[in-house]
>>> print(open('upload-v2.cif').read())   # mmCIF, C-alpha atoms; chains and numbers go by the auth columns
data_run
#
loop_
_atom_site.group_PDB
_atom_site.id
_atom_site.type_symbol
_atom_site.label_atom_id
_atom_site.label_comp_id
_atom_site.label_asym_id
_atom_site.label_seq_id
_atom_site.Cartn_x
_atom_site.Cartn_y
_atom_site.Cartn_z
_atom_site.B_iso_or_equiv
_atom_site.auth_seq_id
_atom_site.auth_asym_id
ATOM 1 C CA MET A 1 0.000 0.000 0.000 0.00 1 D
ATOM 2 C CA ALA A 2 1.394 3.404 -0.969 0.00 2 D
ATOM 3 C CA ASN A 3 2.170 5.926 1.751 0.00 3 D
ATOM 4 C CA GLY A 4 -0.757 8.215 0.839 0.00 4 D
ATOM 5 C CA ASN A 5 -3.190 5.284 0.909 0.00 5 D
ATOM 6 C CA LYS A 6 -1.939 4.249 4.366 0.00 6 D
ATOM 7 C CA ARG A 7 -2.566 7.761 5.677 0.00 7 D
ATOM 8 C CA ARG A 8 -6.056 7.826 4.191 0.00 8 D
ATOM 9 C CA ALA A 9 -6.867 4.398 5.625 0.00 9 D
ATOM 10 C CA SER A 10 -5.535 5.490 9.010 0.00 10 D
ATOM 11 C CA LEU A 11 -7.652 8.647 8.907 0.00 11 D
ATOM 12 C CA MET A 12 -10.744 6.648 7.957 0.00 12 D
ATOM 13 C CA ILE A 13 -10.196 4.253 10.875 0.00 13 D
ATOM 14 C CA ARG A 14 -9.660 7.114 13.307 0.00 14 D
ATOM 15 C CA THR A 15 -12.755 8.995 12.183 0.00 15 D
ATOM 16 C CA ARG A 16 -14.897 5.853 12.409 0.00 16 D
ATOM 17 C CA THR A 17 -13.844 5.318 16.008 0.00 17 D
ATOM 18 C CA MET A 18 -14.354 8.977 16.915 0.00 18 D
ATOM 19 C CA GLY A 19 -18.116 8.769 16.542 0.00 19 D
ATOM 20 C CA PRO A 20 -20.358 11.398 14.959 0.00 20 D
ATOM 21 C CA PHE A 21 -19.276 14.203 17.279 0.00 21 D
ATOM 22 C CA GLY A 22 -15.602 13.554 16.591 0.00 22 D
ATOM 23 C CA ARG A 23 -16.135 13.478 12.835 0.00 23 D
ATOM 24 C CA ALA A 24 -18.159 16.691 12.920 0.00 24 D
ATOM 25 C CA PHE A 25 -15.478 18.406 14.992 0.00 25 D
ATOM 26 C CA GLN A 26 -12.784 17.172 12.634 0.00 26 D
ATOM 27 C CA MET A 27 -14.697 18.551 9.635 0.00 27 D
ATOM 28 C CA GLN A 28 -14.956 21.923 11.356 0.00 28 D
ATOM 29 C CA LEU A 29 -11.203 21.976 11.856 0.00 29 D
ATOM 30 C CA VAL A 30 -10.660 21.033 8.218 0.00 30 D
ATOM 31 C CA LYS A 31 -12.911 23.882 7.034 0.00 31 D
ATOM 32 C CA MET A 32 -11.165 26.415 9.242 0.00 32 D
ATOM 33 C CA ARG A 33 -7.763 25.222 8.044 0.00 33 D
ATOM 34 C CA ALA A 34 -8.957 25.445 4.435 0.00 34 D
ATOM 35 C CA ALA A 35 -9.854 29.110 5.002 0.00 35 D
ATOM 36 C CA GLN A 36 -6.331 29.729 6.248 0.00 36 D
ATOM 37 C CA LEU A 37 -4.807 27.972 3.249 0.00 37 D
ATOM 38 C CA MET A 38 -7.162 29.501 0.670 0.00 38 D
ATOM 39 C CA PRO A 39 -7.985 33.024 1.864 0.00 39 D
ATOM 40 C CA GLU A 40 -9.179 33.912 -1.639 0.00 40 D
ATOM 41 C CA ASN A 41 -12.129 31.504 -1.383 0.00 41 D
ATOM 42 C CA ALA A 42 -15.191 33.287 0.001 0.00 42 D
ATOM 43 C CA ASP A 43 -17.039 30.022 0.690 0.00 43 D
ATOM 44 C CA TYR A 44 -14.263 28.747 2.958 0.00 44 D
ATOM 45 C CA LEU A 45 -14.062 32.111 4.697 0.00 45 D
ATOM 46 C CA PHE A 46 -17.830 32.057 5.231 0.00 46 D
ATOM 47 C CA GLU A 47 -17.699 28.554 6.738 0.00 47 D
ATOM 48 C CA ALA A 48 -14.719 29.420 8.937 0.00 48 D
ATOM 49 C CA GLN A 49 -16.297 32.584 10.346 0.00 49 D
ATOM 50 C CA SER A 50 -19.548 30.754 10.957 0.00 50 D
ATOM 51 C CA LEU A 51 -17.781 27.945 12.834 0.00 51 D
ATOM 52 C CA ALA A 52 -15.685 30.375 14.869 0.00 52 D
ATOM 53 C CA ASN A 53 -18.782 32.357 15.852 0.00 53 D
ATOM 54 C CA LYS A 54 -20.653 29.183 16.836 0.00 54 D
ATOM 55 C CA ALA A 55 -17.697 28.237 19.017 0.00 55 D
ATOM 56 C CA GLY A 56 -17.888 31.658 20.688 0.00 56 D
ATOM 57 C CA ASN A 57 -14.588 32.851 19.243 0.00 57 D
ATOM 58 C CA TYR A 58 -15.946 36.124 17.894 0.00 58 D
ATOM 59 C CA ALA A 59 -12.510 37.681 17.384 0.00 59 D
ATOM 60 C CA LEU A 60 -11.526 34.895 14.984 0.00 60 D
ATOM 61 C CA GLY A 61 -14.962 34.957 13.355 0.00 61 D
ATOM 62 C CA LEU A 62 -14.650 38.707 12.812 0.00 62 D
ATOM 63 C CA HIS A 63 -11.224 38.216 11.249 0.00 63 D
ATOM 64 C CA TYR A 64 -12.615 35.735 8.692 0.00 64 D
ATOM 65 C CA ALA A 65 -15.707 37.881 8.047 0.00 65 D
ATOM 66 C CA GLN A 66 -13.572 40.966 7.431 0.00 66 D
ATOM 67 C CA ASP A 67 -11.384 38.965 5.045 0.00 67 D
ATOM 68 C CA MET A 68 -14.564 37.916 3.250 0.00 68 D
ATOM 69 C CA LEU A 69 -15.673 41.572 3.067 0.00 69 D
ATOM 70 C CA ALA A 70 -12.315 42.665 1.628 0.00 70 D
ATOM 71 C CA LEU A 71 -12.508 39.883 -0.956 0.00 71 D
ATOM 72 C CA ALA A 72 -16.078 40.828 -1.904 0.00 72 D
ATOM 73 C CA LYS A 73 -15.085 44.477 -2.234 0.00 73 D
ATOM 74 C CA ARG A 74 -13.124 43.497 -5.355 0.00 74 D
ATOM 75 C CA ASP A 75 -16.462 42.703 -7.049 0.00 75 D
ATOM 76 C CA GLY A 76 -17.669 46.173 -6.123 0.00 76 D
ATOM 77 C CA GLU A 77 -19.505 47.543 -3.130 0.00 77 D
ATOM 78 C CA ASP A 78 -22.828 47.049 -4.897 0.00 78 D
ATOM 79 C CA SER A 79 -22.430 43.304 -5.430 0.00 79 D
ATOM 80 C CA LEU A 80 -24.439 40.588 -3.704 0.00 80 D
ATOM 81 C CA ALA A 81 -21.178 39.107 -2.423 0.00 81 D
ATOM 82 C CA TYR A 82 -20.468 42.413 -0.685 0.00 82 D
ATOM 83 C CA ALA A 83 -23.980 42.483 0.801 0.00 83 D
ATOM 84 C CA ARG A 84 -23.536 38.959 2.185 0.00 84 D
ATOM 85 C CA ALA A 85 -20.104 39.738 3.617 0.00 85 D
ATOM 86 C CA ALA A 86 -21.270 43.027 5.144 0.00 86 D
ATOM 87 C CA ASN A 87 -24.140 41.172 6.784 0.00 87 D
ATOM 88 C CA GLU A 88 -21.753 38.578 8.247 0.00 88 D
ATOM 89 C CA VAL A 89 -19.457 41.243 9.707 0.00 89 D
ATOM 90 C CA ALA A 90 -22.511 43.027 11.109 0.00 90 D
ATOM 91 C CA SER A 91 -23.869 39.805 12.628 0.00 91 D
ATOM 92 C CA ASN A 92 -20.548 39.190 14.343 0.00 92 D
ATOM 93 C CA LEU A 93 -20.395 42.731 15.709 0.00 93 D
ATOM 94 C CA ASN A 94 -24.013 42.457 16.840 0.00 94 D
ATOM 95 C CA ALA A 95 -23.253 39.240 18.729 0.00 95 D
ATOM 96 C CA GLN A 96 -20.476 41.100 20.543 0.00 96 D
ATOM 97 C CA GLY A 97 -22.850 43.901 21.517 0.00 97 D
ATOM 98 C CA ARG A 98 -21.166 46.375 19.147 0.00 98 D
ATOM 99 C CA TYR A 99 -24.478 47.604 17.753 0.00 99 D
ATOM 100 C CA ALA A 100 -23.361 51.044 16.568 0.00 100 D
ATOM 101 C CA GLU A 101 -20.686 49.422 14.379 0.00 101 D
ATOM 102 C CA ALA A 102 -23.060 46.733 13.086 0.00 102 D
ATOM 103 C CA GLU A 103 -25.961 48.956 12.025 0.00 103 D
ATOM 104 C CA PRO A 104 -24.353 50.707 9.011 0.00 104 D
ATOM 105 C CA LEU A 105 -23.207 47.346 7.639 0.00 105 D
ATOM 106 C CA TYR A 106 -26.679 45.847 8.047 0.00 106 D
ATOM 107 C CA ARG A 107 -28.158 48.880 6.264 0.00 107 D
ATOM 108 C CA LYS A 108 -25.594 48.661 3.433 0.00 108 D
ATOM 109 C CA GLY A 109 -26.386 44.978 2.852 0.00 109 D
ATOM 110 C CA LEU A 110 -30.134 45.632 2.915 0.00 110 D
ATOM 111 C CA ASP A 111 -29.755 48.526 0.471 0.00 111 D
ATOM 112 C CA ILE A 112 -27.851 46.310 -1.979 0.00 112 D
ATOM 113 C CA TRP A 113 -30.388 43.472 -1.719 0.00 113 D
ATOM 114 C CA GLU A 114 -33.296 45.867 -2.256 0.00 114 D
ATOM 115 C CA ARG A 115 -31.706 47.418 -5.341 0.00 115 D
ATOM 116 C CA VAL A 116 -30.395 44.204 -6.925 0.00 116 D
ATOM 117 C CA LEU A 117 -33.028 41.637 -5.936 0.00 117 D
ATOM 118 C CA GLY A 118 -36.024 43.806 -5.157 0.00 118 D
ATOM 119 C CA PRO A 119 -37.918 44.373 -1.890 0.00 119 D
ATOM 120 C CA ASP A 120 -39.945 41.135 -2.137 0.00 120 D
ATOM 121 C CA HIS A 121 -37.047 38.706 -2.645 0.00 121 D
ATOM 122 C CA PRO A 122 -36.505 36.173 0.197 0.00 122 D
ATOM 123 C CA SER A 123 -32.892 37.316 0.748 0.00 123 D
ATOM 124 C CA THR A 124 -34.100 40.883 1.107 0.00 124 D
ATOM 125 C CA ALA A 125 -36.906 39.800 3.419 0.00 125 D
ATOM 126 C CA THR A 126 -34.527 37.961 5.794 0.00 126 D
ATOM 127 C CA SER A 127 -32.450 41.098 5.925 0.00 127 D
ATOM 128 C CA TYR A 128 -35.397 43.108 7.292 0.00 128 D
ATOM 129 C CA ASN A 129 -35.115 41.111 10.510 0.00 129 D
#
>>> encode(input="upload-v2.cif", output="structure tokens")
Amino acid sequence: MANGNKRRASLMIRTRTMGPFGRAFQMQLVKMRAAQLMPENADYLFEAQSLANKAGNYALGLHYAQDMLALAKRDGEDSLAYARAANEVASNLNAQGRYAEAEPLYRKGLDIWERVLGPDHPSTATSYN
């Protein structure tokens, strides 16, 4: 068996014995590591910030969300990617009780969704909350 196949087999055995919680935790670590290795991938950054926030590590979550916002800014500040990223940064700040910093970002995201998707679109509607 080649070296790479041995490692894969070993990983499969370990994850089977870890149970569902262990496998889920391992996947979370993999996603966060992927965001570190591929900071130009907005999907990985989104997953990493979401996982960090769920774990209560808002500083790390904010770091990933701000990276996502900077990446989305390349598409223009009127893009849906920017609206999504602005909303994620705002959600993180809101969870930390930093409401004054969160509000303008929430409003910017809502403004973009209203203009691009219209006021009746589901993404716009969730932003009203």
>>> closest_residue(input="upload-v2.cif", among="D:Arg115, D:Ser50, D:His121, D:Pro104", to="Ser79 (chain D)", atoms="all atoms listed in the file")
D:Arg115
>>> closest_residue(input="upload-v2.cif", among="D:Glu88, D:Tyr44, D:Ala95, D:Tyr82", to="Tyr58 (chain D)", atoms="all atoms listed in the file")
D:Ala95
>>> resolve_selection(input="upload-v2.cif", expression="the PyMOL selection byres ((chain D and resi 67-77) around 10)", output="PDB file with C-alpha atoms, in the coordinates of the input")
ATOM      1  CA  ALA D  35      -9.854  29.110   5.002  1.00  0.00           C
ATOM      2  CA  PRO D  39      -7.985  33.024   1.864  1.00  0.00           C
ATOM      3  CA  GLU D  40      -9.179  33.912  -1.639  1.00  0.00           C
ATOM      4  CA  ASN D  41     -12.129  31.504  -1.383  1.00  0.00           C
ATOM      5  CA  ALA D  42     -15.191  33.287   0.001  1.00  0.00           C
ATOM      6  CA  ASP D  43     -17.039  30.022   0.690  1.00  0.00           C
ATOM      7  CA  TYR D  44     -14.263  28.747   2.958  1.00  0.00           C
ATOM      8  CA  LEU D  45     -14.062  32.111   4.697  1.00  0.00           C
ATOM      9  CA  PHE D  46     -17.830  32.057   5.231  1.00  0.00           C
ATOM     10  CA  GLN D  49     -16.297  32.584  10.346  1.00  0.00           C
ATOM     11  CA  GLY D  61     -14.962  34.957  13.355  1.00  0.00           C
ATOM     12  CA  LEU D  62     -14.650  38.707  12.812  1.00  0.00           C
ATOM     13  CA  HIS D  63     -11.224  38.216  11.249  1.00  0.00           C
ATOM     14  CA  TYR D  64     -12.615  35.735   8.692  1.00  0.00           C
ATOM     15  CA  ALA D  65     -15.707  37.881   8.047  1.00  0.00           C
ATOM     16  CA  GLN D  66     -13.572  40.966   7.431  1.00  0.00           C
ATOM     17  CA  ASP D  78     -22.828  47.049  -4.897  1.00  0.00           C
ATOM     18  CA  SER D  79     -22.430  43.304  -5.430  1.00  0.00           C
ATOM     19  CA  LEU D  80     -24.439  40.588  -3.704  1.00  0.00           C
ATOM     20  CA  ALA D  81     -21.178  39.107  -2.423  1.00  0.00           C
ATOM     21  CA  TYR D  82     -20.468  42.413  -0.685  1.00  0.00           C
ATOM     22  CA  ALA D  83     -23.980  42.483   0.801  1.00  0.00           C
ATOM     23  CA  ARG D  84     -23.536  38.959   2.185  1.00  0.00           C
ATOM     24  CA  ALA D  85     -20.104  39.738   3.617  1.00  0.00           C
ATOM     25  CA  ALA D  86     -21.270  43.027   5.144  1.00  0.00           C
ATOM     26  CA  ASN D  87     -24.140  41.172   6.784  1.00  0.00           C
ATOM     27  CA  GLU D  88     -21.753  38.578   8.247  1.00  0.00           C
ATOM     28  CA  VAL D  89     -19.457  41.243   9.707  1.00  0.00           C
ATOM     29  CA  LYS D 108     -25.594  48.661   3.433  1.00  0.00           C
ATOM     30  CA  GLY D 109     -26.386  44.978   2.852  1.00  0.00           C
ATOM     31  CA  ILE D 112     -27.851  46.310  -1.979  1.00  0.00           C
TER      32      ILE D 112
END
>>> atom_distance(input="upload-v2.cif", atom1="CA of Tyr106 (chain D)", atom2="CA of Pro119 (chain D)")
15.1 Å
>>> atom_distance(input="upload-v2.cif", atom1="CA of Leu117 (chain D)", atom2="CA of Tyr99 (chain D)")
25.9 Å
>>> atom_distance(input="upload-v2.cif", atom1="CA of Ala55 (chain D)", atom2="CA of Pro122 (chain D)")
27.8 Å
>>> build_atoms(input="upload-v2.cif", residues="region 74-85 of chain D", atoms="all heavy atoms", output="tab-separated table (two decimals), keeping the file's coordinate frame")
chain	number	residue	atom	x	y	z
D	74	ARG	N	-13.72	43.53	-4.01
D	74	ARG	CA	-13.12	43.50	-5.36
D	74	ARG	C	-14.20	43.42	-6.44
D	74	ARG	O	-14.00	43.89	-7.54
D	74	ARG	CB	-12.20	42.29	-5.49
D	74	ARG	CG	-10.99	42.35	-4.61
D	74	ARG	CD	-10.16	41.11	-4.80
D	74	ARG	NE	-9.14	41.01	-3.79
D	74	ARG	CZ	-8.39	39.95	-3.61
D	74	ARG	NH1	-8.56	38.88	-4.37
D	74	ARG	NH2	-7.48	39.93	-2.67
D	75	ASP	N	-15.35	42.80	-6.10
D	75	ASP	CA	-16.46	42.70	-7.05
D	75	ASP	C	-17.26	44.00	-7.10
D	75	ASP	O	-18.16	44.13	-7.92
D	75	ASP	CB	-17.41	41.56	-6.66
D	75	ASP	CG	-16.77	40.20	-6.78
D	75	ASP	OD1	-15.81	40.06	-7.55
D	75	ASP	OD2	-17.24	39.26	-6.10
D	76	GLY	N	-16.95	44.90	-6.19
D	76	GLY	CA	-17.67	46.17	-6.12
D	76	GLY	C	-18.55	46.21	-4.89
D	76	GLY	O	-19.06	45.18	-4.44
D	77	GLU	N	-18.72	47.39	-4.36
D	77	GLU	CA	-19.50	47.54	-3.13
D	77	GLU	C	-21.00	47.49	-3.38
D	77	GLU	O	-21.78	47.70	-2.46
D	77	GLU	CB	-19.10	48.83	-2.41
D	77	GLU	CG	-17.72	48.75	-1.81
D	77	GLU	CD	-17.40	49.89	-0.88
D	77	GLU	OE1	-18.32	50.46	-0.26
D	77	GLU	OE2	-16.22	50.23	-0.76
D	78	ASP	N	-21.41	47.22	-4.60
D	78	ASP	CA	-22.83	47.05	-4.90
D	78	ASP	C	-23.14	45.62	-5.32
D	78	ASP	O	-24.21	45.35	-5.87
D	78	ASP	CB	-23.26	48.02	-6.00
D	78	ASP	CG	-23.31	49.45	-5.51
D	78	ASP	OD1	-23.56	49.65	-4.31
D	78	ASP	OD2	-23.11	50.37	-6.33
D	79	SER	N	-22.22	44.70	-5.04
D	79	SER	CA	-22.43	43.30	-5.43
D	79	SER	C	-23.14	42.53	-4.32
D	79	SER	O	-23.10	42.91	-3.14
D	79	SER	CB	-21.09	42.64	-5.74
D	79	SER	OG	-20.32	42.49	-4.55
D	80	LEU	N	-23.78	41.44	-4.69
D	80	LEU	CA	-24.44	40.59	-3.70
D	80	LEU	C	-23.43	39.95	-2.76
D	80	LEU	O	-23.72	39.74	-1.58
D	80	LEU	CB	-25.27	39.52	-4.41
D	80	LEU	CG	-26.48	40.02	-5.16
D	80	LEU	CD1	-27.17	38.88	-5.90
D	80	LEU	CD2	-27.46	40.71	-4.23
D	81	ALA	N	-22.24	39.66	-3.28
D	81	ALA	CA	-21.18	39.11	-2.42
D	81	ALA	C	-20.81	40.11	-1.33
D	81	ALA	O	-20.59	39.73	-0.17
D	81	ALA	CB	-19.95	38.75	-3.26
D	82	TYR	N	-20.78	41.38	-1.68
D	82	TYR	CA	-20.47	42.41	-0.68
D	82	TYR	C	-21.60	42.51	0.34
D	82	TYR	O	-21.34	42.65	1.54
D	82	TYR	CB	-20.24	43.77	-1.36
D	82	TYR	CG	-19.73	44.81	-0.39
D	82	TYR	CD1	-18.37	44.94	-0.15
D	82	TYR	CD2	-20.60	45.65	0.29
D	82	TYR	CE1	-17.89	45.88	0.75
D	82	TYR	CE2	-20.13	46.59	1.19
D	82	TYR	CZ	-18.78	46.71	1.42
D	82	TYR	OH	-18.31	47.63	2.33
D	83	ALA	N	-22.84	42.42	-0.12
D	83	ALA	CA	-23.98	42.48	0.80
D	83	ALA	C	-23.92	41.33	1.80
D	83	ALA	O	-24.14	41.53	3.00
D	83	ALA	CB	-25.29	42.44	0.02
D	84	ARG	N	-23.63	40.14	1.31
D	84	ARG	CA	-23.54	38.96	2.18
D	84	ARG	C	-22.41	39.13	3.20
D	84	ARG	O	-22.59	38.87	4.39
D	84	ARG	CB	-23.29	37.71	1.34
D	84	ARG	CG	-23.09	36.45	2.14
D	84	ARG	CD	-22.71	35.30	1.23
D	84	ARG	NE	-22.56	34.06	1.96
D	84	ARG	CZ	-21.87	33.04	1.52
D	84	ARG	NH1	-21.30	33.08	0.34
D	84	ARG	NH2	-21.77	31.95	2.25
D	85	ALA	N	-21.25	39.57	2.72
D	85	ALA	CA	-20.10	39.74	3.62
D	85	ALA	C	-20.35	40.84	4.65
D	85	ALA	O	-20.02	40.68	5.83
D	85	ALA	CB	-18.85	40.04	2.79
